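**Student:** Provided below: data-v7.cif, containing mmCIF, C-alpha atoms and all ligand atoms.
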data_work
loop_
_atom_site.label_atom_id
_atom_site.label_comp_id
_atom_site.auth_asym_id
_atom_site.auth_seq_id
_atom_site.Cartn_x
_atom_site.Cartn_y
_atom_site.Cartn_z
CA MET P 1 37.60 53.89 -7.65
CA ASP P 2 38.79 56.23 -10.39
CA LEU P 3 41.87 58.26 -9.78
CA PRO P 4 41.21 61.98 -9.93
CA LEU P 5 41.70 63.34 -13.42
CA SER P 6 45.20 64.85 -13.85
CA LEU P 7 45.84 68.34 -15.08
CA LEU P 8 47.53 68.83 -18.46
CA PRO P 9 50.17 68.45 -19.79
CA VAL P 10 50.34 64.66 -19.76
CA SER P 11 53.04 63.48 -17.36
CA ASP P 12 56.61 63.48 -18.65
CA SER P 13 56.82 59.78 -17.97
CA VAL P 14 54.51 59.18 -20.93
CA VAL P 15 56.10 59.29 -24.39
CA LEU P 16 53.36 60.72 -26.57
CA GLU P 17 55.40 61.00 -29.73
CA THR P 18 56.60 57.45 -30.25
CA PRO P 19 58.21 56.52 -33.60
CA GLY P 20 54.86 55.17 -34.82
CA VAL P 21 53.09 58.35 -33.79
CA LEU P 22 55.73 60.50 -35.50
CA ARG P 23 55.23 58.64 -38.78
CA GLN P 24 51.47 59.07 -38.53
CA ILE P 25 51.83 62.76 -37.64
CA ALA P 26 53.63 63.31 -40.94
CA ARG P 27 50.92 61.54 -42.92
CA ALA P 28 48.10 63.36 -41.18
CA HIS P 29 49.75 66.76 -41.71
CA ARG P 30 50.34 66.10 -45.38
CA ALA P 31 46.69 65.21 -45.97
CA LEU P 32 45.39 68.07 -43.84
CA GLY P 33 47.65 70.57 -45.62
CA GLU P 34 46.27 69.53 -48.98
CA LEU P 35 42.74 69.94 -47.70
CA LYS P 36 43.52 73.39 -46.36
CA GLY P 37 44.91 74.43 -49.73
CA ALA P 38 42.01 73.04 -51.73
CA ALA P 39 39.40 74.60 -49.45
CA GLY P 40 40.97 77.99 -50.12
CA THR P 41 40.25 77.70 -53.83
CA ILE P 42 36.46 77.70 -53.45
CA PRO P 43 35.45 81.34 -53.90
CA ASN P 44 32.48 81.56 -51.54
CA GLU P 45 33.52 80.09 -48.18
CA LEU P 46 29.91 79.72 -47.06
CA ILE P 47 29.42 77.02 -49.66
CA LEU P 48 31.92 74.73 -47.97
CA ILE P 49 30.95 75.70 -44.46
CA ASP P 50 27.25 75.15 -45.03
CA THR P 51 27.56 71.87 -46.88
CA LEU P 52 30.53 70.18 -45.24
CA ALA P 53 29.79 71.38 -41.72
CA LEU P 54 26.29 69.98 -42.09
CA GLN P 55 27.76 66.57 -42.94
CA GLU P 56 30.11 66.78 -39.97
CA ALA P 57 27.16 67.78 -37.78
CA LYS P 58 25.12 64.86 -39.07
CA ASP P 59 27.80 62.29 -38.23
CA SER P 60 28.84 63.86 -34.95
CA SER P 61 25.19 63.74 -33.91
CA ALA P 62 24.88 60.16 -35.17
CA ILE P 63 27.61 59.17 -32.68
CA GLU P 64 25.10 60.24 -30.03
CA ASN P 65 22.28 58.32 -31.75
CA ILE P 66 20.68 61.39 -33.25
CA ILE P 67 19.93 60.04 -36.71
CA THR P 68 18.68 61.98 -39.75
CA THR P 69 18.15 61.24 -43.43
CA ASP P 70 19.25 63.62 -46.17
CA ASP P 71 15.63 64.55 -46.87
CA GLU P 72 15.05 65.51 -43.23
CA LEU P 73 18.35 67.25 -42.92
CA TYR P 74 18.00 69.43 -45.99
CA GLN P 75 14.43 70.40 -45.19
CA GLY P 76 15.70 72.04 -42.02
CA ASP P 77 16.30 75.77 -42.22
CA SER P 78 17.91 77.60 -39.34
CA ALA P 79 17.16 81.04 -40.79
CA SER P 80 13.41 80.47 -40.58
CA GLY P 81 13.61 78.09 -37.62
CA LYS P 82 11.70 75.34 -39.45
CA PHE P 83 12.64 71.69 -39.08
CA PRO P 84 10.86 68.47 -40.08
CA ASN P 85 11.71 66.76 -36.78
CA ALA P 86 13.70 67.07 -33.56
CA ALA P 87 16.78 65.26 -34.88
CA ALA P 88 17.10 67.57 -37.88
CA LYS P 89 16.80 70.51 -35.53
CA GLU P 90 19.60 69.19 -33.33
CA VAL P 91 21.86 68.72 -36.35
CA HIS P 92 21.19 72.28 -37.49
CA ASN P 93 21.85 73.51 -33.96
CA TYR P 94 25.18 71.75 -34.21
CA VAL P 95 26.06 73.68 -37.36
CA ALA P 96 25.05 76.92 -35.66
CA ALA P 97 27.21 76.03 -32.66
CA LEU P 98 30.19 75.21 -34.88
CA LYS P 99 29.79 78.46 -36.79
CA THR P 100 29.54 80.47 -33.58
CA GLY P 101 32.72 78.92 -32.28
CA PHE P 102 34.51 79.33 -35.59
CA GLU P 103 33.59 82.99 -35.95
CA ARG P 104 34.82 83.73 -32.45
CA VAL P 105 38.09 81.87 -32.87
CA ARG P 106 38.74 83.54 -36.20
CA ARG P 107 38.00 86.98 -34.81
CA GLN P 108 39.64 86.65 -31.41
CA GLN P 109 42.37 84.12 -32.22
CA PHE P 110 41.42 82.85 -28.82
CA LEU P 111 38.80 80.70 -27.10
CA ARG P 112 37.39 81.59 -23.71
CA LEU P 113 35.32 79.52 -21.34
CA ASP P 114 32.42 81.75 -22.26
CA ASP P 115 32.82 80.68 -25.91
CA VAL P 116 32.73 77.02 -24.94
CA LEU P 117 29.57 77.70 -22.94
CA SER P 118 28.05 79.45 -25.95
CA ILE P 119 28.78 76.45 -28.13
CA GLN P 120 27.09 74.11 -25.70
CA ALA P 121 24.17 76.53 -25.32
CA ALA P 122 23.64 76.74 -29.09
CA LEU P 123 23.78 72.98 -29.33
CA GLU P 124 21.38 72.20 -26.53
CA GLU P 125 19.30 75.37 -26.60
CA ASN P 126 19.75 75.80 -22.88
CA ARG P 127 22.11 77.74 -20.65
CA ALA P 128 22.71 74.96 -18.15
CA GLY P 129 26.42 75.83 -18.06
CA LEU P 130 29.03 73.78 -16.23
CA ARG P 131 27.75 70.94 -14.05
CA LYS P 132 26.86 72.08 -10.55
CA LEU P 133 24.99 69.01 -9.32
CA PRO P 134 26.53 65.60 -8.75
CA GLY P 135 25.28 62.40 -10.35
CA THR P 136 26.73 62.38 -13.87
CA VAL P 137 28.37 59.07 -14.78
CA LEU P 138 29.53 57.51 -18.06
CA LYS P 139 28.16 54.12 -18.96
CA ASN P 140 29.18 51.41 -21.34
CA GLN P 141 26.91 51.82 -24.37
CA GLN P 142 26.13 48.10 -24.65
CA THR P 143 26.00 46.87 -21.08
CA GLY P 144 24.87 49.97 -19.24
CA GLU P 145 27.61 49.37 -16.66
CA VAL P 146 29.17 52.52 -15.18
CA VAL P 147 32.68 52.86 -16.61
CA TYR P 148 33.70 56.24 -15.25
CA GLN P 149 32.59 58.91 -12.88
CA PRO P 150 33.82 62.32 -14.05
CA PRO P 151 34.72 65.00 -11.47
CA GLN P 152 31.67 65.97 -9.45
CA ASP P 153 32.83 68.99 -7.47
CA PRO P 154 32.06 72.24 -9.36
CA ALA P 155 35.37 73.73 -8.15
CA ASP P 156 37.28 70.79 -9.68
CA ILE P 157 35.39 71.15 -12.96
CA GLU P 158 36.23 74.85 -13.14
CA ARG P 159 39.88 74.28 -12.36
CA LEU P 160 40.13 71.49 -14.93
CA MET P 161 38.43 73.66 -17.55
CA SER P 162 40.83 76.55 -17.09
CA ASN P 163 43.72 74.13 -17.33
CA PHE P 164 42.13 72.65 -20.47
CA LEU P 165 41.86 76.11 -22.05
CA GLU P 166 45.44 76.94 -21.17
CA TYR P 167 46.60 73.81 -22.96
CA PHE P 168 44.25 74.57 -25.88
CA HIS P 169 46.27 77.73 -26.57
CA ARG P 170 49.67 76.26 -25.90
CA ASN P 171 52.08 76.40 -28.80
CA GLU P 172 55.66 76.44 -27.51
CA PRO P 173 58.22 74.74 -29.73
CA ASP P 174 58.80 72.01 -27.15
CA ALA P 175 55.09 71.18 -26.88
CA PRO P 176 53.82 68.08 -28.70
CA ASP P 177 52.63 68.44 -32.28
CA PRO P 178 49.27 70.26 -32.49
CA LEU P 179 47.52 67.14 -33.82
CA VAL P 180 48.77 65.18 -30.82
CA ARG P 181 47.60 68.00 -28.57
CA MET P 182 44.17 67.76 -30.20
CA ALA P 183 43.97 64.08 -29.25
CA VAL P 184 45.09 64.88 -25.70
CA LEU P 185 42.58 67.71 -25.45
CA HIS P 186 39.72 65.56 -26.68
CA TYR P 187 40.44 62.89 -24.09
CA GLN P 188 40.70 65.54 -21.40
CA PHE P 189 37.51 67.34 -22.36
CA GLU P 190 35.47 64.14 -22.48
CA SER P 191 36.94 63.08 -19.16
CA ILE P 192 36.12 66.39 -17.49
CA HIS P 193 32.65 65.98 -19.04
CA PRO P 194 31.89 69.54 -17.92
CA PHE P 195 28.23 69.60 -19.01
CA TYR P 196 25.15 67.60 -18.13
CA ASP P 197 24.78 66.80 -21.84
CA GLY P 198 26.36 67.73 -25.16
CA ASN P 199 29.90 66.84 -24.08
CA GLY P 200 30.62 64.57 -27.03
CA ARG P 201 29.43 67.05 -29.62
CA THR P 202 30.97 70.12 -27.97
CA GLY P 203 34.25 68.23 -27.69
CA ARG P 204 34.22 67.34 -31.37
CA ILE P 205 33.50 70.97 -32.30
CA LEU P 206 36.48 71.99 -30.17
CA ASN P 207 38.68 69.59 -32.18
CA LEU P 208 38.01 71.56 -35.36
CA LEU P 209 38.39 74.91 -33.60
CA HIS P 210 41.77 73.79 -32.30
CA LEU P 211 42.87 73.10 -35.88
CA VAL P 212 41.67 76.54 -36.96
CA LEU P 213 43.28 78.30 -33.99
CA HIS P 214 46.65 76.75 -34.77
CA GLY P 215 46.43 77.53 -38.48
CA LEU P 216 46.05 73.96 -39.71
CA LEU P 217 42.73 74.79 -41.35
CA ASP P 218 41.23 78.14 -42.37
CA LEU P 219 37.67 76.81 -42.36
CA PRO P 220 36.12 74.23 -40.04
CA VAL P 221 35.42 71.79 -42.84
CA LEU P 222 37.19 68.58 -41.85
CA TYR P 223 34.70 65.72 -41.76
CA LEU P 224 36.33 64.15 -38.69
CA SER P 225 33.26 62.60 -37.12
CA ARG P 226 32.80 60.38 -40.15
CA TYR P 227 35.79 58.35 -39.00
CA ILE P 228 34.61 58.32 -35.40
CA VAL P 229 31.12 57.13 -36.25
CA ARG P 230 32.60 54.36 -38.40
CA HIS P 231 34.84 53.26 -35.54
CA LYS P 232 32.60 54.12 -32.66
CA THR P 233 33.51 51.15 -30.47
CA ASP P 234 37.22 51.87 -30.88
CA TYR P 235 36.54 55.50 -30.03
CA TYR P 236 34.90 54.68 -26.69
CA ARG P 237 37.40 51.93 -25.97
CA GLY P 238 40.30 54.25 -26.79
CA LEU P 239 39.11 56.92 -24.37
CA GLN P 240 38.58 54.40 -21.64
CA ALA P 241 41.95 52.69 -22.21
CA VAL P 242 43.81 55.96 -21.67
CA ARG P 243 42.14 56.15 -18.29
CA GLU P 244 42.54 52.52 -17.30
CA SER P 245 45.98 51.73 -18.65
CA ALA P 246 47.49 55.03 -19.88
CA ALA P 247 47.14 53.68 -23.45
CA TRP P 248 48.05 57.01 -24.98
CA GLU P 249 49.79 55.72 -28.06
CA SER P 250 46.80 53.88 -29.49
CA TRP P 251 44.47 56.78 -28.64
CA VAL P 252 46.73 59.34 -30.33
CA LEU P 253 47.13 57.04 -33.35
CA PHE P 254 43.36 56.66 -33.57
CA MET P 255 42.88 60.42 -33.76
CA LEU P 256 45.78 60.90 -36.19
CA ARG P 257 44.38 58.24 -38.51
CA ALA P 258 41.01 59.93 -38.25
CA VAL P 259 42.61 63.20 -39.36
CA GLU P 260 44.46 61.57 -42.25
CA GLU P 261 41.58 59.51 -43.56
CA THR P 262 38.97 62.22 -43.30
CA SER P 263 41.31 64.86 -44.76
CA VAL P 264 41.71 62.69 -47.85
CA GLU P 265 37.96 62.13 -48.04
CA THR P 266 37.08 65.76 -47.45
CA LEU P 267 39.66 66.80 -50.04
CA GLY P 268 37.89 64.55 -52.56
CA LYS P 269 34.62 66.27 -51.75
CA VAL P 270 36.10 69.76 -52.06
CA ARG P 271 37.58 68.89 -55.44
CA GLY P 272 34.31 67.32 -56.51
CA ILE P 273 32.37 70.43 -55.50
CA ARG P 274 34.82 72.66 -57.35
CA ALA P 275 34.58 70.61 -60.56
CA LEU P 276 30.80 70.42 -60.34
CA MET P 277 30.52 74.17 -59.80
CA ARG P 278 32.65 74.81 -62.84
CA GLU P 279 30.60 72.44 -64.97
CA THR P 280 27.28 73.78 -63.72
CA LYS P 281 28.42 77.31 -64.40
CA GLN P 282 29.31 76.42 -67.99
CA ARG P 283 25.99 74.69 -68.55
CA MET P 284 24.03 77.60 -67.11
CA ARG P 285 25.91 80.09 -69.23
CA ARG P 286 25.34 78.02 -72.34
CA ASP P 287 21.76 76.82 -71.79
CA LEU P 288 20.31 79.49 -69.50
CA PRO P 289 22.23 82.68 -70.29
CA LYS P 290 19.24 84.89 -69.41
CA ILE P 291 19.01 83.72 -65.82
CA TYR P 292 22.66 82.86 -65.10
CA SER P 293 24.29 84.74 -62.25
CA GLN P 294 27.01 83.85 -59.77
CA ASP P 295 24.48 84.29 -56.95
CA LEU P 296 22.14 81.76 -58.52
CA LEU P 297 25.00 79.31 -58.95
CA ASN P 298 26.07 79.84 -55.33
CA ASN P 299 22.51 79.27 -54.17
CA LEU P 300 22.42 75.82 -55.78
CA PHE P 301 25.63 74.92 -53.95
CA ARG P 302 24.86 76.40 -50.55
CA HIS P 303 21.49 74.67 -50.49
CA PRO P 304 21.72 71.17 -51.96
CA TYR P 305 17.91 71.18 -51.64
CA THR P 306 16.93 74.68 -52.62
CA LYS P 307 13.45 76.16 -52.80
CA ILE P 308 11.56 79.26 -53.86
CA GLU P 309 12.03 81.02 -50.51
CA PHE P 310 15.80 80.47 -50.55
CA LEU P 311 16.08 82.11 -53.97
CA GLU P 312 13.87 85.02 -52.92
CA ARG P 313 16.02 85.50 -49.85
CA ASP P 314 19.51 84.95 -51.28
CA LEU P 315 18.99 86.64 -54.66
CA ASP P 316 16.53 89.25 -53.51
CA VAL P 317 14.11 88.43 -56.33
CA SER P 318 10.32 88.26 -56.39
CA ARG P 319 8.47 85.00 -55.96
CA PRO P 320 7.42 84.71 -59.65
CA THR P 321 11.04 85.26 -60.69
CA ALA P 322 12.25 82.59 -58.26
CA VAL P 323 9.60 80.18 -59.57
CA ARG P 324 10.68 80.84 -63.13
CA TYR P 325 14.38 80.36 -62.38
CA LEU P 326 13.79 77.06 -60.66
CA GLY P 327 11.51 75.88 -63.47
CA GLU P 328 14.19 76.61 -66.03
CA LEU P 329 16.91 74.97 -63.98
CA GLU P 330 14.73 71.89 -63.70
CA LYS P 331 14.04 71.80 -67.44
CA ALA P 332 17.76 72.09 -68.12
CA GLY P 333 18.29 69.05 -65.89
CA LEU P 334 20.38 70.90 -63.33
CA VAL P 335 18.05 70.21 -60.41
CA ARG P 336 15.33 67.65 -59.77
CA LYS P 337 12.02 68.77 -58.31
CA THR P 338 10.70 66.82 -55.36
CA LYS P 339 7.86 67.45 -52.95
CA LEU P 340 8.52 66.97 -49.24
CA GLY P 341 5.64 67.77 -46.97
CA ARG P 342 3.92 70.62 -48.70
CA THR P 343 7.03 72.22 -50.12
CA ASN P 344 8.70 71.76 -53.48
CA TYR P 345 12.44 71.31 -53.26
CA TYR P 346 14.85 71.50 -56.16
CA VAL P 347 17.62 69.04 -55.51
CA ASN P 348 21.15 69.42 -56.78
CA GLU P 349 21.55 65.64 -56.99
CA ALA P 350 25.14 65.63 -58.17
CA LEU P 351 26.09 67.72 -55.14
CA VAL P 352 24.13 65.53 -52.73
CA ALA P 353 25.98 62.52 -54.16
CA ILE P 354 29.36 64.15 -53.58
CA LEU P 355 28.50 65.15 -50.02
CA GLY P 356 27.07 61.80 -49.00
CA GLY P 357 29.52 59.61 -50.95
N1 LIG O 1 34.74 56.00 -21.23
C1 LIG O 1 34.72 57.26 -21.64
N2 LIG O 1 35.65 58.12 -21.24
C2 LIG O 1 35.64 59.41 -21.65
N3 LIG O 1 34.70 59.91 -22.46
C3 LIG O 1 33.75 59.11 -22.90
C4 LIG O 1 33.71 57.74 -22.53
N4 LIG O 1 32.61 57.20 -23.11
C5 LIG O 1 32.02 58.18 -23.81
N5 LIG O 1 32.70 59.32 -23.70
C6 LIG O 1 32.40 60.62 -24.34
O1 LIG O 1 31.12 61.05 -23.94
C7 LIG O 1 30.38 61.49 -25.07
C8 LIG O 1 28.88 61.44 -24.78
O2 LIG O 1 28.59 62.44 -23.81
P1 LIG O 1 27.28 63.34 -23.89
O3 LIG O 1 27.35 64.43 -22.89
O4 LIG O 1 26.07 62.49 -23.88
O5 LIG O 1 27.48 63.96 -25.34
P2 LIG O 1 26.31 64.38 -26.34
O6 LIG O 1 25.23 65.07 -25.64
O7 LIG O 1 26.98 65.17 -27.40
O8 LIG O 1 25.65 63.12 -26.74
C9 LIG O 1 30.88 60.55 -26.17
O9 LIG O 1 30.67 61.05 -27.47
C10 LIG O 1 32.35 60.47 -25.85
O10 LIG O 1 33.05 61.56 -26.41
MG MG O 2 24.00 62.99 -24.92
#
Spit out the file's structure as structure tokens when you get a sec.
**Tutor:**
Amino acid sequence: MDLPLSLLPVSDSVVLETPGVLRQIARAHRALGELKGAAGTIPNELILIDTLALQEAKDSSAIENIITTDDELYQGDSASGKFPNAAAKEVHNYVAALKTGFERVRRQQFLRLDDVLSIQAALEENRAGLRKLPGTVLKNQQTGEVVYQPPQDPADIERLMSNFLEYFHRNEPDAPDPLVRMAVLHYQFESIHPFYDGNGRTGRILNLLHLVLHGLLDLPVLYLSRYIVRHKTDYYRGLQAVRESAAWESWVLFMLRAVEETSVETLGKVRGIRALMRETKQRMRRDLPKIYSQDLLNNLFRHPYTKIEFLERDLDVSRPTAVRYLGELEKAGLVRKTKLGRTNYYVNEALVAILGG
């Protein structure tokens, strides 16, 4: 039988910040700090949010076996509510949920239970709220064996969630490092498992919001789920080992390595996007001076697969003008035209390569 889940903080008898953890904290912070700085140099923040958050959403969903290709993903459009399939829709819902959470945290400098519920609601398109009915269990992915029964009593779930949110905002000097707290919080959230579904994805959104709340990132652009999906077995095993044998050190190290590795990778992408934007801008000014505008450039970077409707909407131009712009961009070799379904897309291939690479 599982022991009841403890409230946070983690018991004093556990040393969270071992020498190994302290070394890894320093490395993770260095990488994350560089990413934060680089992200601030991209003029239009929506470019990074839309492109990088979509990648994060794709991998975080892949952890839950919601799999999409680039073509499917980029055909999805939340503004018009059109998606090529259910998986693409779920990934776009994820981005919407992340943005909702981010906007609230940035505005309020605070996260309430209601915000967490809104994130889950945006993700799942339902308002099921916290679990009220018993029966939820966690199973081993391979064997189907039940590995853990999260709290079942709604009163326990509520109490654990308010304790979770208290710890989420904690920042006293004697508290553990914020990156360690993020690892602790992720374990705790997944162990409370407050929802019928969407716990994994909501929990991974909360990781990024925690970084934003504590000033470690200005934008929720860290591609953290890429590491988790690559080391999925270790991720599940790590969560379970905290429960079964209080294996905090290896769990915290796992999350810190995830932060370091994906900060370095995301930094590479941000720099790549910045260089590509600069180069594309120069080519447009030289080869297409009549149609060049910053808005047009931004459009090609916010929508790696752009289309006539996106130009009409973002640039407020007529359809014939949008058609002409895209034709000229294609002739200049800046985008490649491709037909998906019945729609022509104009793909910024160099950008897609950076994002997926
Ligand atoms: N043994 C475990 N202990 C704690 N959490 C776990 C364990 N196994 C899986 N999880 C968490 O549960 C998540 C899956 O829960 P689920 O509600 O189905 O999320 P989603 O709907 O986003 O798929 C995993 O991503 C992981 O974070
Ligand atoms: Mg699920």
**Student:** My list of candidates is P:Asp287, P:Val347, P:Val147, P:Phe168. Which is closest to Glu244 (chain P) when distances are computed with all atoms listed in the file?
**Tutor:**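 Closest residue, counting all atoms listed in the file: P:Val147.
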**Student:** From the options P:Lys139, P:His303, P:Lys132, P:Arg274, which residue's atoms come nearest to Thr41 (chain P), counting all atoms listed in the file?
**Tutor:** P:Arg274
**Student:** With a distance cut-off of 8 Å and only C-alpha atoms, select the neighbouring residues of Pro150 (chain P), excluding the residue or stretch itself and same-chain residues fewer than 6 positions from it, and output the selection as a JSON list (two decimals) with C-alpha atoms, keeping the file's coordinate frame.
**Tutor:**
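Saved file selection.json follows:
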[["chain", "number", "residue", "atom", "x", "y", "z"],
["P", 5, "LEU", "CA", 41.70, 63.34, -13.42],
["P", 136, "THR", "CA", 26.73, 62.38, -13.87],
["P", 137, "VAL", "CA", 28.37, 59.07, -14.78],
["P", 138, "LEU", "CA", 29.53, 57.51, -18.06],
["P", 191, "SER", "CA", 36.94, 63.08, -19.16],
["P", 192, "ILE", "CA", 36.12, 66.39, -17.49],
["P", 193, "HIS", "CA", 32.65, 65.98, -19.04]]
**Student:** Report the closest atom pair, with its distance in Å rounded to one decimal, for each residue of chain P that has an atom no farther than 6 Å from ligand MG 2 (chain O); count all atoms listed in the file, sort by chain and then rising residue number, and write it as CSV.
**Tutor:**
residue,atom,partner,partner_atom,distance
P:Glu64,CA,O:MG2,MG,5.9
P:Asp197,CA,O:MG2,MG,5.0
P:Gly198,CA,O:MG2,MG,5.3
**Student:** For Arg27 (chain P), which residue out of P:Thr280, P:Ser225, P:Asn163, P:Ser263 is the nearest one, using all atoms listed in the file?
**Tutor:**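 Closest to Arg27 (chain P) of all the choices is P:Ser263.
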**Student:** Go through P:Arg286, P:Arg278, P:Lys331, P:Arg271 one by one, measure the shortest atom-to-atom distance of each to Glu34 (chain P) using all atoms listed in the file, and give the residue with the smallest value.
**Tutor:** P:Arg271
**Student:** Could you please extract the residues within 9 Å of ligand LIG 1 (chain O), counting all atoms listed in the file, and hand them back as an MDAnalysis selection string?
**Tutor:** chainID P and resid 60:66 123:124 138:141 146:150 186:204 232 235:243
**Student:** For Tyr74 (chain P), which residue among P:Asp50, P:Glu145, P:Glu172, P:Glu249 is the nearest when counting only C-alpha atoms?
**Tutor:**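 Of the candidates, the smallest distance to Tyr74 (chain P) is held by P:Asp50.
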**Student:** Considering all atoms listed in the file, tabulate each residue of region 4-83 of chain P that lies at most 12 Å from region 175-181 of chain P along with its nearest interatomic pair and the corresponding distance in Å to one decimal; arrange the rows by chain and ascending residue number and present them as a Markdown table.
**Tutor:**
| residue | atom | partner | partner_atom | distance |
| --- | --- | --- | --- | --- |
| P:Leu8 | CA | P:Arg181 | CA | 10.1 |
| P:Pro9 | CA | P:Ala175 | CA | 9.1 |
| P:Val10 | CA | P:Arg181 | CA | 9.8 |
| P:Asp12 | CA | P:Ala175 | CA | 11.4 |
| P:Val14 | CA | P:Pro176 | CA | 11.8 |
| P:Val15 | CA | P:Pro176 | CA | 10.1 |
| P:Leu16 | CA | P:Pro176 | CA | 7.7 |
| P:Glu17 | CA | P:Pro176 | CA | 7.3 |
| P:Thr18 | CA | P:Val180 | CA | 11.0 |
| P:Val21 | CA | P:Val180 | CA | 8.6 |
| P:Leu22 | CA | P:Asp177 | CA | 9.1 |
| P:Gln24 | CA | P:Leu179 | CA | 10.1 |
| P:Ile25 | CA | P:Leu179 | CA | 7.2 |
| P:Ala26 | CA | P:Asp177 | CA | 10.1 |
| P:Arg27 | CA | P:Leu179 | CA | 11.2 |
| P:Ala28 | CA | P:Leu179 | CA | 8.3 |
| P:His29 | CA | P:Leu179 | CA | 8.2 |
| P:Arg30 | CA | P:Leu179 | CA | 11.9 |
| P:Leu32 | CA | P:Leu179 | CA | 10.3 |
**Student:** Find the spatial neighbours of region 333-345 of chain P, counting all atoms listed in the file, within a cut-off of 7 Å - ignore same-chain residues fewer than 2 positions away - and output them as a list in words.
**Tutor:**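 Result of the neighbour search: Tyr305, Thr306, Lys307, Leu329, Glu330, Lys331, Val347, Asn348 and Glu349 of chain P.
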**Student:** Work out how far apart CA of Leu73 (chain P) and CA of Asn126 (chain P) are and give it in Å to one decimal.
**Tutor:** 21.8 Å
**Student:** Is it possible to get the residues within 12 Å of (44.5, 72.7, -47.7) (coordinates as in the file, counting all atoms listed in the file) written as a PyMOL selection string?
**Tutor:** chain P and resi 28-42+211-212+215-222+263-264+266-268+270-271
**Student:** Find, counting only C-alpha atoms, the residue in P:Leu315, P:Ala128, P:Ile205, P:Leu355 that gets nearest to Tyr292 (chain P).
**Tutor:**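 Ranked by minimum distance to Tyr292 (chain P), first place goes to P:Leu315.
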**Student:** Compute the distance from (33.1, 64.9, -7.0) to each atom, counting all atoms listed in the file, keep the residues with any atom at most 10 Å away, and return them as a list in words; use the coordinates of the file.
**Tutor:**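 Every polymer residue passing the test: Pro4, Leu133, Pro134, Gly135, Thr136, Gln149, Pro150, Pro151, Gln152, Asp153, Pro154, Ala155, Asp156 and Ile157 of chain P.
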**Student:** Taking 5 positions as the minimum chain separation for residues in the same chain, which residues sit within 12 Å of region 81-83 of chain P when counting all atoms listed in the file? Answer as a list in words.
**Tutor:** Thr68, Asp71, Glu72, Leu73, Tyr74, Gln75, Gly76, Ala88, Lys89, Glu90, Val91, His92, Asn93, Ala96, Leu340 and Gly341 of chain P
**Student:** Could you please take those selected residues and save C-alpha atoms as a compact mmCIF listing (two decimals), in the frame of the given file?
**Tutor:**
# COMPACT_ATOMS: atom_id res chain seq x y z
CA THR P 68 18.68 61.98 -39.75
CA ASP P 71 15.63 64.55 -46.87
CA GLU P 72 15.05 65.51 -43.23
CA LEU P 73 18.35 67.25 -42.92
CA TYR P 74 18.00 69.43 -45.99
CA GLN P 75 14.43 70.40 -45.19
CA GLY P 76 15.70 72.04 -42.02
CA ALA P 88 17.10 67.57 -37.88
CA LYS P 89 16.80 70.51 -35.53
CA GLU P 90 19.60 69.19 -33.33
CA VAL P 91 21.86 68.72 -36.35
CA HIS P 92 21.19 72.28 -37.49
CA ASN P 93 21.85 73.51 -33.96
CA ALA P 96 25.05 76.92 -35.66
CA LEU P 340 8.52 66.97 -49.24
CA GLY P 341 5.64 67.77 -46.97
**Student:** Can you list, as an NGL selection string, every protein, DNA or RNA residue that comes within 10 Å of Leu351 (chain P) when you count all atoms listed in the file, leaving out same-chain residues fewer than 6 positions away?
**Tutor:** :P and (51 or 269 or 272-273 or 276-277 or 300-305 or 335 or 357)
**Student:** Mind giving me the straight-line distance from CA of Asp114 (chain P) to CA of Met182 (chain P) in Å, one decimal?
**Tutor:**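 So the answer is 19.9 Å.
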**Student:** Please report the interatomic distance between CA of Ile47 (chain P) and CA of Asn298 (chain P) in Å with one decimal.
**Tutor:**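 Separating CA of Ile47 (chain P) from CA of Asn298 (chain P) is a distance of 7.2 Å.
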**Student:** Please produce region 289-296 of chain P, completed to N, CA and C atoms, as a PDB file, in the coordinates of the input.
**Tutor:**
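Wrote out.pdb, looks like this:
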ATOM      1  N   PRO P 289      21.472  81.430 -70.429  1.00  0.00           N
ATOM      2  CA  PRO P 289      22.230  82.680 -70.290  1.00  0.00           C
ATOM      3  C   PRO P 289      21.401  83.822 -69.696  1.00  0.00           C
ATOM      4  N   LYS P 290      20.085  83.786 -69.899  1.00  0.00           N
ATOM      5  CA  LYS P 290      19.240  84.890 -69.410  1.00  0.00           C
ATOM      6  C   LYS P 290      19.123  84.900 -67.888  1.00  0.00           C
ATOM      7  N   ILE P 291      19.198  83.737 -67.286  1.00  0.00           N
ATOM      8  CA  ILE P 291      19.010  83.720 -65.820  1.00  0.00           C
ATOM      9  C   ILE P 291      20.322  83.480 -65.076  1.00  0.00           C
ATOM     10  N   TYR P 292      21.404  83.163 -65.783  1.00  0.00           N
ATOM     11  CA  TYR P 292      22.660  82.860 -65.100  1.00  0.00           C
ATOM     12  C   TYR P 292      23.147  84.049 -64.257  1.00  0.00           C
ATOM     13  N   SER P 293      23.539  83.761 -63.044  1.00  0.00           N
ATOM     14  CA  SER P 293      24.290  84.740 -62.250  1.00  0.00           C
ATOM     15  C   SER P 293      25.103  83.944 -61.234  1.00  0.00           C
ATOM     16  N   GLN P 294      26.173  84.541 -60.759  1.00  0.00           N
ATOM     17  CA  GLN P 294      27.010  83.850 -59.770  1.00  0.00           C
ATOM     18  C   GLN P 294      26.187  83.578 -58.504  1.00  0.00           C
ATOM     19  N   ASP P 295      25.300  84.495 -58.156  1.00  0.00           N
ATOM     20  CA  ASP P 295      24.480  84.290 -56.950  1.00  0.00           C
ATOM     21  C   ASP P 295      23.567  83.078 -57.092  1.00  0.00           C
ATOM     22  N   LEU P 296      23.023  82.912 -58.300  1.00  0.00           N
ATOM     23  CA  LEU P 296      22.140  81.760 -58.520  1.00  0.00           C
ATOM     24  C   LEU P 296      22.952  80.468 -58.417  1.00  0.00           C
TER      25      LEU P 296
END
